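Peer 1: Before I ask anything, here is the structure I am working with.
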Amino acid sequence: MRKRIRIPTRLISALLFCILAWAAGQIWTSSGGDPKGRQVLVTAVVDGDTIHVGRGWRHTRVRLIGVDTPETVHPKKPIEFFGPEASEFTKSSLAGKWVHLEFEPSDQIDAYGRLLAYVFMEDGTFFNRELVRMGYARAYTRFDFRYREDFRLVQGEARQARLGLWVAARQKGPPPIPAGGNIAGQEGPPSIPAEGKITGNVRSKIYHLPGQQHYTIPEEDKVYFATEGEAISAGYRRSKR
């Protein structure tokens, strides 16, 4: 008579638990629930550079690496120039869409607990780069990341083309000397009008006039305005010093 082998109930329960856990994990990942899965679903857009991914009972906030869009939801800052447009671009591009996330191996969570990621759309579009290329974001180059030099390059192209938030930029030199030499009643080359030398800092949203203490601004953060009115219309305020 063949002897029956009895499997302990605890072992059966443990095996069953493992199988169910594995199955649940597969469903969670494939449904967009795993923020580090191969594909995730964008469930909400906070602003131009911050989104939520996941589904069901869990949502993970994701901050896009290497970009900085103008503020629209900061509790201590006003809505900045071109911020609503950047938010709408991200919303129309990503909300309700499946995306693929990639990460920097050594830095995946920021100081606010947000997951740091590169976002790739289903058609292969690198969305972080697209924000910079189209002028919806500045390249955030304070910290190193693998695409930093490329982002700087496409930012320069967007500034040159005056796209998006760079629409008010004026990379001007001295005005041309009129035919015949000097302006009537003036000796030597004509002076540069003060309004043509107004510089704005894209990070602080402050503009400076010639002679002011902080007139010198790093080139990558600098924009030019023809008049103070143009700077104010673009969301900048005058420096106090």
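Letters A, B, ... mark the chains of the structure tokens in the order given; residue numbers begin at 1 per chain; ligand numbers begin at 1, in order shown.
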Which residues are close to stretch 232-238 of chain A, i.e. within 7 Å by only C-alpha atoms, leaving aside same-chain residues fewer than 2 positions away? Reply as number ranges by chain.

Peer 2: A: 80-81, 205-208, 228-230, 240

Peer 1: Give the answer as one residue: which of A:Ala44, A:Lys222, A:Thr90, A:Ala95 has the shortest atom-to-atom distance to A:Thr60, using only C-alpha atoms?

Peer 2: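 Nearest candidate to A:Thr60 out of A:Ala44, A:Lys222, A:Thr90, A:Ala95: A:Ala44.
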
Peer 1: Pick from A:Ile19, A:Leu115, A:Leu165, A:Leu94: nearest to A:Ile65, with only C-alpha atoms counted?

Peer 2: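 Using only C-alpha atoms, A:Ile65 sits closest to A:Leu115.
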
Peer 1: Using backbone DSSP assignments, extract all strand (DSSP E) residues from stretch 31-119 of chain A; output them as a PyMOL selection string.

Peer 2: chain A and resi 40-47+50-55+58-64+67-68+98-102+115-119

Peer 1: Neighbours of A:Phe145 within 12 Å (only C-alpha atoms; same-chain residues fewer than 3 positions away dropped), as a list in words?

Peer 2: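 My list of contacting residues is Leu64, Ile65, Gly66, Val67, Phe103, Glu104, Pro105, Ser106, Asp107, Gln108, Leu116, Ala117, Tyr118, Ala139, Tyr140, Thr141, Arg142, Arg148, Glu149, Asp150, Phe151 and Arg152 of chain A.
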